[in-house]
Structure formats: C-alpha cells, structure tokens
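Data from data-v7.txt: compact mmCIF, C-alpha atoms
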```
# COMPACT_ATOMS: atom_id res chain seq x y z
CA MET A 146 4.42 123.49 34.25
CA HIS A 147 7.54 121.59 33.25
CA GLU A 148 9.50 122.73 30.23
CA GLY A 149 12.53 121.44 28.40
CA ILE A 150 14.78 118.64 29.59
CA THR A 151 15.52 117.72 33.19
CA ILE A 152 18.60 115.62 33.95
CA THR A 153 17.83 113.20 36.81
CA ASN A 154 21.13 111.30 36.79
CA LYS A 155 23.90 112.35 34.47
CA HIS A 156 25.36 108.84 34.40
CA THR A 157 22.24 106.78 33.70
CA SER A 158 19.21 108.54 32.25
CA GLU A 159 17.46 111.78 31.48
CA VAL A 160 13.83 112.78 31.75
CA LEU A 161 12.29 114.57 28.82
CA THR A 162 9.15 116.60 29.48
CA LEU A 163 6.76 117.03 26.55
CA ASN A 164 3.34 118.59 26.06
CA VAL A 165 0.82 116.20 24.51
CA GLY A 166 -2.29 117.95 23.22
CA PRO A 167 -4.56 119.78 23.38
CA GLN A 168 -4.44 119.50 19.58
CA HIS A 169 -3.46 115.84 19.53
CA PRO A 170 -6.17 113.77 17.76
CA SER A 171 -5.99 110.94 20.30
CA THR A 172 -6.77 113.09 23.35
CA HIS A 173 -10.48 112.85 22.56
CA GLY A 174 -11.19 116.54 22.57
CA VAL A 175 -8.96 119.23 23.98
CA LEU A 176 -7.05 117.41 26.72
CA HIS A 177 -3.56 118.66 27.50
CA LEU A 178 -1.08 116.33 29.17
CA VAL A 179 2.32 117.21 30.59
CA VAL A 180 4.31 114.02 30.20
CA ASP A 181 7.72 113.05 31.61
CA PHE A 182 9.58 110.35 29.65
CA ASP A 183 12.64 108.32 30.39
CA GLY A 184 13.35 107.05 26.92
CA GLU A 185 9.98 105.62 25.80
CA ILE A 186 8.78 104.93 29.34
CA LEU A 187 6.23 107.18 31.01
CA LYS A 188 7.47 108.49 34.34
CA ARG A 189 4.71 111.00 35.06
CA VAL A 190 1.51 112.09 33.34
CA GLU A 191 -0.18 115.27 34.52
CA PRO A 192 -3.62 116.02 33.00
CA ASP A 193 -4.31 119.69 32.37
CA CYS A 194 -7.98 120.13 31.48
CA GLY A 195 -10.27 123.15 31.26
CA TYR A 196 -9.82 124.13 27.61
CA LEU A 197 -13.48 123.39 26.84
CA HIS A 198 -14.93 125.14 29.89
CA ARG A 199 -18.34 126.68 29.13
CA GLY A 200 -19.52 127.63 32.59
CA VAL A 201 -22.68 125.51 32.50
CA GLU A 202 -23.04 125.45 36.29
CA LYS A 203 -22.77 129.24 36.53
CA MET A 204 -25.04 129.90 33.55
CA ALA A 205 -27.77 127.82 35.18
CA GLU A 206 -27.96 130.38 38.00
CA ASN A 207 -29.25 132.95 35.51
CA ARG A 208 -31.76 130.77 33.64
CA HIS A 209 -34.95 129.09 34.68
CA TYR A 210 -34.70 125.34 35.03
CA GLN A 211 -36.27 124.25 31.76
CA SER A 212 -34.17 126.67 29.68
CA SER A 213 -30.98 125.16 31.14
CA LEU A 214 -31.67 121.81 29.46
CA PRO A 215 -30.00 122.67 26.09
CA HIS A 216 -26.78 123.47 27.97
CA ILE A 217 -27.07 120.34 30.13
CA SER A 218 -27.56 118.20 27.00
CA ARG A 219 -24.19 119.27 25.67
CA LEU A 220 -22.15 118.18 28.68
CA ASP A 221 -21.60 114.61 27.47
CA TYR A 222 -22.59 115.32 23.89
CA LEU A 223 -22.32 111.63 23.01
CA SER A 224 -25.11 110.78 25.48
CA PRO A 225 -27.31 113.90 25.73
CA TYR A 226 -30.44 112.11 26.90
CA THR A 227 -28.84 110.85 30.10
CA ASN A 228 -27.73 114.40 30.91
CA ASP A 229 -31.29 115.71 30.50
CA TRP A 230 -32.64 112.80 32.50
CA GLY A 231 -30.40 113.30 35.53
CA PHE A 232 -31.03 117.05 35.69
CA SER A 233 -34.79 116.65 35.26
CA MET A 234 -34.91 114.04 38.02
CA ALA A 235 -33.10 116.38 40.41
CA VAL A 236 -35.70 119.11 39.77
CA GLU A 237 -38.61 116.66 39.98
CA LYS A 238 -37.28 115.38 43.29
CA MET A 239 -37.50 118.87 44.77
CA LEU A 240 -41.00 119.33 43.35
CA GLY A 241 -42.16 115.93 44.62
CA TRP A 242 -43.47 115.02 41.19
CA GLU A 243 -44.24 111.53 39.94
CA ILE A 244 -43.79 110.87 36.24
CA PRO A 245 -46.36 108.91 34.16
CA GLN A 246 -45.27 105.31 33.58
CA ARG A 247 -45.26 105.58 29.81
CA ALA A 248 -42.93 108.56 30.01
CA GLU A 249 -40.63 106.64 32.37
CA TYR A 250 -40.40 103.75 29.92
CA ILE A 251 -39.60 106.13 27.08
CA ARG A 252 -36.90 107.70 29.24
CA VAL A 253 -35.35 104.27 29.82
CA ILE A 254 -35.42 103.51 26.09
CA LEU A 255 -33.74 106.80 25.25
CA GLY A 256 -31.22 106.45 28.07
CA GLU A 257 -30.14 102.94 27.05
CA LEU A 258 -30.00 103.79 23.34
CA SER A 259 -27.75 106.69 24.36
CA ARG A 260 -25.56 104.29 26.34
CA ILE A 261 -25.16 102.04 23.30
CA ALA A 262 -24.44 105.00 21.01
CA SER A 263 -21.86 106.36 23.45
CA HIS A 264 -20.14 103.00 23.82
CA LEU A 265 -20.06 102.62 20.03
CA VAL A 266 -18.17 105.90 19.67
CA TRP A 267 -15.85 104.81 22.50
CA LEU A 268 -15.09 101.48 20.78
CA ALA A 269 -14.64 103.10 17.37
CA THR A 270 -12.18 105.74 18.58
CA HIS A 271 -10.44 103.50 21.13
CA ALA A 272 -9.74 100.89 18.46
CA LEU A 273 -8.62 103.58 16.01
CA ASP A 274 -6.12 104.91 18.57
CA ILE A 275 -4.59 101.43 18.75
CA GLY A 276 -4.56 101.03 14.96
CA ALA A 277 -7.76 99.13 14.15
CA MET A 278 -9.52 101.01 11.34
CA THR A 279 -12.24 98.57 10.25
CA ILE A 280 -14.02 98.51 13.61
CA PHE A 281 -14.36 102.30 13.44
CA LEU A 282 -16.50 102.02 10.32
CA TYR A 283 -18.56 99.15 11.74
CA CYS A 284 -19.41 101.02 14.95
CA PHE A 285 -20.54 104.17 13.18
CA ARG A 286 -22.82 102.04 11.00
CA GLU A 287 -24.84 101.02 14.07
CA ARG A 288 -24.64 104.46 15.63
CA GLU A 289 -26.26 105.87 12.50
CA GLN A 290 -29.18 103.52 13.09
CA ILE A 291 -29.65 104.92 16.59
CA LEU A 292 -29.41 108.50 15.37
CA ASP A 293 -32.03 107.73 12.72
CA ILE A 294 -34.32 106.46 15.50
CA LEU A 295 -33.79 109.64 17.52
CA ASP A 296 -34.36 111.72 14.39
CA GLU A 297 -37.71 109.99 13.84
CA MET A 298 -38.73 110.81 17.39
CA SER A 299 -37.65 114.43 17.62
CA GLY A 300 -36.54 115.62 14.20
CA GLN A 301 -33.03 116.03 15.58
CA ARG A 302 -30.18 113.54 15.67
CA MET A 303 -28.54 114.86 18.83
CA ASN A 304 -29.20 117.26 21.72
CA ALA A 305 -32.98 117.39 21.31
CA SER A 306 -33.64 117.90 25.06
CA TRP A 307 -36.52 115.46 24.60
CA ILE A 308 -36.38 114.31 28.20
CA CYS A 309 -37.48 117.32 30.19
CA ILE A 310 -38.79 118.32 33.60
CA GLY A 311 -42.00 116.40 34.14
CA GLY A 312 -41.64 113.66 31.52
CA VAL A 313 -40.89 113.79 27.81
CA ARG A 314 -41.86 116.45 25.32
CA LYS A 315 -44.10 114.35 23.09
CA ASP A 316 -45.17 110.76 22.63
CA VAL A 317 -43.29 108.39 20.36
CA THR A 318 -44.68 107.36 16.98
CA PRO A 319 -45.53 103.82 15.82
CA LYS A 320 -42.67 104.13 13.33
CA PHE A 321 -40.29 104.86 16.21
CA VAL A 322 -41.43 101.69 17.99
CA GLY A 323 -40.87 99.63 14.85
CA MET A 324 -37.40 101.09 14.29
CA VAL A 325 -36.40 100.34 17.89
CA LYS A 326 -37.60 96.74 17.63
CA GLU A 327 -35.64 96.26 14.39
CA PHE A 328 -32.48 97.66 15.95
CA CYS A 329 -32.81 95.38 18.98
CA ARG A 330 -33.26 92.39 16.70
CA THR A 331 -30.12 92.99 14.65
CA PHE A 332 -27.71 94.57 17.13
CA PRO A 333 -26.46 91.41 18.97
CA ALA A 334 -25.17 90.02 15.68
CA ARG A 335 -23.31 93.28 15.08
CA VAL A 336 -21.57 93.02 18.45
CA LYS A 337 -20.43 89.52 17.48
CA GLU A 338 -18.84 91.08 14.39
CA TYR A 339 -16.89 93.49 16.57
CA GLU A 340 -15.74 90.67 18.81
CA LEU A 341 -14.73 88.54 15.84
CA LEU A 342 -12.39 91.34 14.78
CA LEU A 343 -10.88 91.99 18.20
CA ASN A 344 -11.27 89.27 20.83
CA ALA A 345 -8.65 86.91 19.43
CA ASN A 346 -6.58 89.53 17.62
CA ARG A 347 -2.99 89.15 18.86
CA ILE A 348 -2.14 92.81 18.39
CA TRP A 349 -5.29 93.91 20.24
CA LEU A 350 -4.55 91.57 23.13
CA MET A 351 -0.92 92.72 23.36
CA ARG A 352 -2.00 96.36 23.43
CA THR A 353 -4.76 95.93 26.05
CA GLN A 354 -4.03 93.02 28.41
CA ASN A 355 -2.04 93.95 31.55
CA VAL A 356 -1.92 97.55 30.34
CA GLY A 357 -3.12 100.25 32.72
CA VAL A 358 -4.07 98.03 35.66
CA LEU A 359 -6.23 99.69 38.32
CA THR A 360 -6.82 97.49 41.36
CA ARG A 361 -10.09 97.31 43.23
CA GLU A 362 -8.70 99.34 46.13
CA GLU A 363 -7.27 101.97 43.79
CA ALA A 364 -10.55 102.26 41.90
CA ILE A 365 -12.39 102.91 45.17
CA ASN A 366 -9.76 105.39 46.40
CA TYR A 367 -9.79 107.37 43.16
CA GLY A 368 -13.59 107.48 43.18
CA VAL A 369 -13.95 106.20 39.63
CA SER A 370 -17.34 104.87 38.60
CA GLY A 371 -19.09 103.14 35.75
CA PRO A 372 -17.26 100.64 33.52
CA MET A 373 -13.86 101.67 34.90
CA MET A 374 -14.95 100.69 38.39
CA ARG A 375 -16.66 97.47 37.35
CA ALA A 376 -13.59 96.41 35.33
CA SER A 377 -11.61 96.58 38.59
CA GLY A 378 -13.92 94.19 40.43
CA VAL A 379 -16.30 96.66 42.11
CA ASP A 380 -19.78 95.23 41.57
CA MET A 381 -21.88 98.40 41.59
CA ASP A 382 -24.47 99.78 39.21
CA MET A 383 -26.93 102.47 40.27
CA ARG A 384 -29.65 101.09 38.00
CA ARG A 385 -29.63 97.89 40.05
CA ASP A 386 -28.39 98.99 43.49
CA ASN A 387 -30.36 102.23 43.74
CA PRO A 388 -33.05 101.70 41.11
CA TYR A 389 -34.48 104.95 39.79
CA SER A 390 -37.21 105.50 37.24
CA VAL A 391 -38.59 102.02 36.33
CA TYR A 392 -35.34 100.03 36.21
CA ALA A 393 -36.68 97.69 38.87
CA ASN A 394 -39.07 96.36 36.20
CA PHE A 395 -36.30 95.02 33.99
CA THR A 396 -33.99 92.04 34.12
CA PHE A 397 -30.35 92.67 33.27
CA LYS A 398 -26.87 91.65 34.33
CA VAL A 399 -24.06 93.91 35.51
CA PRO A 400 -20.78 92.87 33.85
CA VAL A 401 -17.88 92.78 36.32
CA TYR A 402 -14.24 91.87 35.70
CA THR A 403 -11.42 91.73 38.22
CA GLU A 404 -8.32 92.24 36.06
CA GLY A 405 -8.65 96.05 36.06
CA ASP A 406 -6.70 96.44 32.82
CA THR A 407 -7.55 98.02 29.47
CA TYR A 408 -8.87 94.72 28.15
CA ALA A 409 -11.22 94.32 31.13
CA ARG A 410 -12.62 97.81 30.52
CA TYR A 411 -13.17 96.81 26.91
CA ARG A 412 -15.02 93.63 27.92
CA VAL A 413 -17.26 95.43 30.42
CA ARG A 414 -18.44 97.96 27.85
CA MET A 415 -18.98 95.32 25.18
CA GLU A 416 -21.21 93.31 27.49
CA GLU A 417 -22.97 96.46 28.69
CA MET A 418 -24.08 97.20 25.14
CA LEU A 419 -25.80 93.84 24.94
CA GLU A 420 -27.45 94.34 28.34
CA SER A 421 -28.65 97.80 27.29
CA ASN A 422 -30.07 96.27 24.13
CA SER A 423 -31.94 93.75 26.28
CA ILE A 424 -33.35 96.51 28.50
CA VAL A 425 -34.57 98.46 25.45
CA GLU A 426 -36.12 95.29 24.05
CA GLN A 427 -38.01 94.69 27.31
CA ALA A 428 -39.10 98.33 27.60
CA ILE A 429 -40.42 98.61 24.05
CA ALA A 430 -42.28 95.30 24.39
CA ASP A 431 -43.94 96.35 27.67
CA LEU A 432 -44.44 100.04 26.84
CA PRO A 433 -47.49 101.09 28.90
CA GLN A 434 -50.44 102.87 27.40
CA GLY A 435 -51.45 106.29 28.65
CA ARG A 436 -50.05 109.78 28.76
CA THR A 437 -46.40 110.57 28.29
CA LEU A 438 -46.28 114.33 28.36
CA TYR A 439 -45.53 116.72 31.13
CA ALA A 440 -48.29 119.02 29.89
CA ARG A 441 -48.10 119.80 26.21
CA ASN A 442 -51.22 118.92 24.19
CA VAL A 443 -52.96 117.66 27.34
CA LYS A 444 -56.41 119.13 27.99
CA ASP A 445 -57.85 116.81 30.60
CA ASP A 446 -57.06 116.38 34.28
CA SER A 447 -56.71 112.60 34.37
CA PRO A 448 -54.56 111.28 37.27
CA GLU A 449 -52.28 109.34 34.93
CA THR A 450 -51.41 112.58 33.19
CA PHE A 451 -50.72 114.88 36.09
CA ALA A 452 -49.84 112.39 38.84
CA ALA A 453 -48.58 114.51 41.74
CA GLN A 454 -47.83 117.60 39.66
CA ASP A 455 -49.45 120.95 40.41
CA LYS A 456 -51.34 122.50 37.50
CA LYS A 457 -49.81 125.95 37.95
CA SER A 458 -46.30 124.68 37.35
CA LEU A 459 -47.46 122.50 34.48
CA GLY A 460 -49.08 125.51 32.88
CA ALA A 461 -45.84 127.44 33.20
CA LEU A 462 -43.93 124.61 31.52
CA MET A 463 -46.49 124.52 28.70
CA ALA A 464 -45.96 128.22 28.09
CA GLY A 465 -42.17 127.91 28.22
CA ARG A 466 -41.93 129.88 31.43
CA GLY A 467 -39.97 129.12 34.58
CA ILE A 468 -41.31 127.26 37.62
CA ARG A 469 -40.76 128.00 41.27
CA LEU A 470 -39.29 125.27 43.43
CA PRO A 471 -39.59 125.01 47.20
CA LYS A 472 -36.55 126.22 49.11
CA GLY A 473 -34.15 123.38 49.71
CA GLU A 474 -31.59 121.14 48.05
CA SER A 475 -31.44 117.80 46.29
CA TYR A 476 -28.96 115.44 44.70
CA THR A 477 -29.75 112.89 42.02
CA GLY A 478 -27.22 110.48 40.56
CA ILE A 479 -27.82 108.21 37.59
CA GLU A 480 -25.79 105.50 35.86
CA ALA A 481 -24.56 107.35 32.77
CA PRO A 482 -22.34 105.64 30.15
CA LYS A 483 -19.17 107.04 31.76
CA GLY A 484 -20.24 106.42 35.37
CA GLU A 485 -22.21 108.19 38.07
CA LEU A 486 -23.56 111.46 36.69
CA GLY A 487 -24.90 113.59 39.53
CA PHE A 488 -26.72 116.90 39.83
CA TYR A 489 -26.77 118.80 43.10
CA ILE A 490 -29.23 121.71 43.27
CA ILE A 491 -29.61 124.36 45.94
CA HIS A 492 -32.73 126.48 45.51
CA GLU A 493 -33.36 129.65 47.49
CA LYS A 494 -35.97 131.69 45.61
CA GLY A 495 -37.13 132.64 42.14
CA GLU A 496 -37.10 130.40 39.07
CA SER A 497 -33.37 129.61 38.92
CA PRO A 498 -31.09 127.51 41.13
CA TYR A 499 -28.99 129.32 43.70
CA ARG A 500 -26.27 126.76 42.92
CA LEU A 501 -25.91 123.86 40.52
CA LYS A 502 -23.06 121.38 40.86
CA VAL A 503 -22.49 118.61 38.32
CA ARG A 504 -20.66 115.43 39.31
CA ALA A 505 -19.06 114.69 35.95
CA PRO A 506 -17.73 111.10 35.76
CA SER A 507 -15.28 111.99 32.97
CA PHE A 508 -13.57 114.53 35.24
CA ILE A 509 -13.29 112.15 38.18
CA ASN A 510 -12.21 109.16 36.09
CA LEU A 511 -9.49 111.27 34.45
CA ALA A 512 -7.78 111.56 37.85
CA ALA A 513 -6.77 107.91 37.56
CA LEU A 514 -4.79 108.44 34.33
CA PRO A 515 -1.43 109.16 36.08
CA LYS A 516 -1.75 105.90 38.00
CA LEU A 517 -2.77 103.92 34.90
CA SER A 518 0.21 105.28 32.95
CA GLU A 519 3.04 104.49 35.36
CA GLY A 520 5.76 102.44 33.73
CA HIS A 521 4.09 102.07 30.34
CA SER A 522 5.29 103.29 26.96
CA PHE A 523 4.15 106.41 25.15
CA ALA A 524 2.23 104.28 22.63
CA ASP A 525 0.23 102.84 25.54
CA LEU A 526 -0.80 106.33 26.65
CA MET A 527 -3.29 106.68 23.80
CA ALA A 528 -4.81 103.30 24.59
CA LEU A 529 -5.16 104.32 28.24
CA ILE A 530 -6.90 107.61 27.42
CA GLY A 531 -9.31 105.70 25.21
CA SER A 532 -9.98 103.09 27.89
CA ILE A 533 -11.19 105.83 30.28
CA ASP A 534 -13.75 106.98 27.67
CA LEU A 535 -13.48 110.72 28.20
CA VAL A 536 -15.76 113.42 26.89
CA LEU A 537 -14.11 116.75 27.55
CA GLY A 538 -17.35 118.72 27.33
CA GLU A 539 -18.49 116.90 30.46
CA CYS A 540 -15.05 116.94 32.07
CA ASP A 541 -14.61 120.70 31.77
CA LYS A 542 -18.29 121.70 32.06
```

Once more with this new file: its structure as structure tokens, please.
Amino acid sequence: MHEGITITNKHTSEVLTLNVGPQHPSTHGVLHLVVDFDGEILKRVEPDCGYLHRGVEKMAENRHYQSSLPHISRLDYLSPYTNDWGFSMAVEKMLGWEIPQRAEYIRVILGELSRIASHLVWLATHALDIGAMTIFLYCFREREQILDILDEMSGQRMNASWICIGGVRKDVTPKFVGMVKEFCRTFPARVKEYELLLNANRIWLMRTQNVGVLTREEAINYGVSGPMMRASGVDMDMRRDNPYSVYANFTFKVPVYTEGDTYARYRVRMEEMLESNSIVEQAIADLPQGRTLYARNVKDDSPETFAAQDKKSLGALMAGRGIRLPKGESYTGIEAPKGELGFYIIHEKGESPYRLKVRAPSFINLAALPKLSEGHSFADLMALIGSIDLVLGECDK
C-alpha cells in the first residue's frame, strides 16, 4: 500500500497518495480507496474491499439450504428478495422442481419492487453525494411506501426471506394487492418529480455528463453488468434474453444508452424504475389463482400445488429440516438491480452444499472504478462511486 508523498518529477509535479475511507460517508459502506493525486487530478484509484466480509459462501457449507436464506438475503441488503430468488432457483434447478404460477407471479412482483426500492436508495445517495439534498427526501418517501407493502405481506420491512426454496412462504393478502396497485398508480408521477429536479439542472449535468466514460468495449472487457453495461451501449438484460420465472409473460423495454458516462447510468436506472413499475402493474393485474406455497398449510395433493416436487422433500421443508439434493452442480443467474447475480452450487452429499459461489455484481462492477476515475478530479470520485451503485455487503460477501 502506498504511503506518504511520492515525487514523480521534481521540476513539474508531485503525486500525493491518500487513503479515502473506509469511514468516508460517500463510499457507500466500508470501501477503502488508495488514491494518487496530482494536484486535484486523480492519477490512480485502487479499491481495497473486504472490510464487510461475513463468509456467507463458507457458512453455507455448514447449513442446510433453507437455513442459508437469511444470510443470502443480507448480501445486497437493499434488494433482499432478489438474493433469495436467485439462490432458491439454483436449488430448484438441481431438484428439477417447477414452481406454481401464482408463486412465480408473486416472486416477480417482489423482485421488481425490490429493484425500484434499490434504485431509489441509489438515486437518493448518489444525488446527495453530488450535493442535491431534496431528491434524497423524495426518494425515501416512495421507498417507505414499498417497505410498507412488504411489511403488510410478511410483517417485516426488510430481509424477510419470503421467497424460499419451492415458492413463497405464504400467500399475499387482498390488502397487499390493493397497496401494490395504488403504488403503481402514483409512482410514475413521482419519477417525473425527480426528473424535474435533475434533468435540466445545470449543476447536475456538469457533474454527470462526460464524467466517468466507460466505452462499450471496456464494459465488455471488465465484465460489468446491469445498468452500468446498458449505459455503455450493451443491449443485454437476462429477464428478456434468458427469460426465467414468468418474465416471458410481460411486456417491457430495456433502456440502453451509448454515452457510457455517469449521466447515462443515471438515465438507465431512472427508466428502469418505470419499466419495473409496469411489470409489477401487469403481474398484479394478471395474478393467477391457485396455490402459492411450497408446502406450508397445504393438505391436499393437487398438481398445481406440488407440480414436480417430491412430497418427502416438501415435508422436510414444512418441518424446517434440510433436504437432500442429487449429486451435481448448477448455476443460476438473474437480473438483479446491480447486474447479473449468480449462484453456483456444487452438491456432493448430505443437506448442505459442498461449495457455494456467489457472482456478486457489485464486486465485479467495482473493478471498473480505476478506469472511470482516470483524469477526473477528486470531487468527481464520489459521483463515480455512486454511479456504480455499490452495496458492500454483496461486494465483500
């Protein structure tokens, strides 16, 4: 690690090396950066992560699959339902299970509400880093609505592990349906309020346009995914290109921009919130009748309940016990708010994975920060960190 001052040319300039974080409020968690400056200009930015490491992948080897869900939920703690969903799908793939349609629709609703809630926190904190205070309060107003909806469903605002192996834990209530419909009705007007504050704001445009440009080729080479990739002109979304669950039943657009700068990443996420709202609106309107549960409270053997599941494993899930998977391996990737969230499972024997590997988009997207920062000022660094939309719990695992 660099320390102190390094003289690069005694006649022209000097490079000052400073530690930024992990206590800095704009590093979105506990991110440590080793930064070389030449005056105010960034010469090198070296991310140093790992301060929030909790060993989730290793802990999973000593727990049965269902009991790992509370740890999985807390990876990206701003979007816990997508974490549960991806992990459950990886296990269900190995079991060969099919999930009841009503449960799949509820999963989509929860996943897209999580995407909106995550993007709202991103916008609130990203704008605050740049100096826009009002938008922070506006975004948390709508996020509170989403958390109230989740509270009505599960009794818990966050990390409920409601999506679980085999479906969802319980059915939704009529009040939940009404609250979702009301949110979908009012949310587009709220997004217009955000845009009214920012889109034509001269300071916002100066701080975001042509700042942190990542070209299409660079985005592909760095392996970034999600909004960062789509803001650089890569037209890819796993919900559309590799449709999982019931996404093939919905109509939505994939926002793509070619500029690859901080403003393009802002625009992609803003439009994604509206598309997610549209998906939720379609899903709640077409919510199928029938069973939703993996087993709990189910006493009959109707095909729509059990689908391809075996009753022995369902009984074990009902009792809170572990289930035995066939020997083998599987990978499942989903389109999480930050990008491709993947779970790779190797199962040998027993009720726990031999190995669990999480493809965390925050960790992979962070690798592009040195490239984004080249030649910009220190003030731009905070805007660039915000434009990546990091969650360090997922990054460090």

message: What does the structure give for the distance between atom CA of Phe332 of chain A and atom CA of Gly538 of chain A, in Å to one decimal?
response: 28.2 Å

- line: Ile261 of chain A proximity check over A:Glu420, A:Asp406, A:Asp183, A:Asp316, using all atoms listed in the file: winner is A:Glu420

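Distance annotation: of A:Leu292, A:Val236, A:Ala269, A:Leu161, the residue with the minimal separation from Ile490 of chain A is A:Val236; atom set is all atoms listed in the file.
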
message: At a cut-off of 12 Å around the point (-22.6, 100.8, 37.6) (file coordinates), what residues fall inside when counting all atoms listed in the file? I'd like the answer as a PyMOL selection string.
response: chain A and resi 369-388+398-401+413-414+417+478-486+506

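Nearest residue to Cys540 of chain A among A:Leu432, A:Val356, A:Ala505, A:Leu223 is A:Ala505, counting only C-alpha atoms.
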
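Of the residues under consideration (A:Ile509, A:Leu268, A:Val160, A:Cys309), A:Cys309 shows the shortest atom-to-atom contact distance to Ser218 of chain A when counting all atoms listed in the file.
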
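Atom CA of Asn346 of chain A is positioned 21.3 Å from atom CA of Thr403 of chain A.
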
message: So, with only C-alpha atoms as the atoms that count, which of A:Tyr476, A:Tyr210, A:Tyr339, A:Tyr196 lies closest to Met415 of chain A?
response: A:Tyr339

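All residues of protein, DNA or RNA that reach within 12 Å of Arg286 of chain A, judged by all atoms listed in the file and not counting those fewer than 5 positions away in the chain, are Ala262, Leu265, Val266, Ala269, Thr279, Ile280, Phe281, Ile291, Leu292, Asp293, Phe328, Phe332, Arg335, Val336 and Tyr339 of chain A.
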
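If you measure from each of A:Glu327, A:Arg500, A:Ile429, A:Ile468 to Leu255 of chain A using all atoms listed in the file, the closest one turns out to be A:Ile429.
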
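Residues in contact range of segment 205-208 of chain A, defined as at most 7 Å between all atoms listed in the file, with sequence neighbours fewer than 3 positions away removed, read A:Val201, A:Glu202, A:Ser212, A:Ser213, A:Ser497, A:Pro498, A:Tyr499, A:Arg500, A:Leu501.
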
- prompt: In Å to one decimal, how far is atom CA of Pro433 of chain A from atom CA of Glu249 of chain A?
  reply: 9.5 Å

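These residues, each with an atom at most 10 Å from (-43.9, 98.5, 26.5) using all atoms listed in the file, are Gln246, Arg247, Tyr250, Ile251, Ile254, Val322, Val425, Glu426, Gln427, Ala428, Ile429, Ala430, Asp431, Leu432, Pro433 and Gln434 of chain A.
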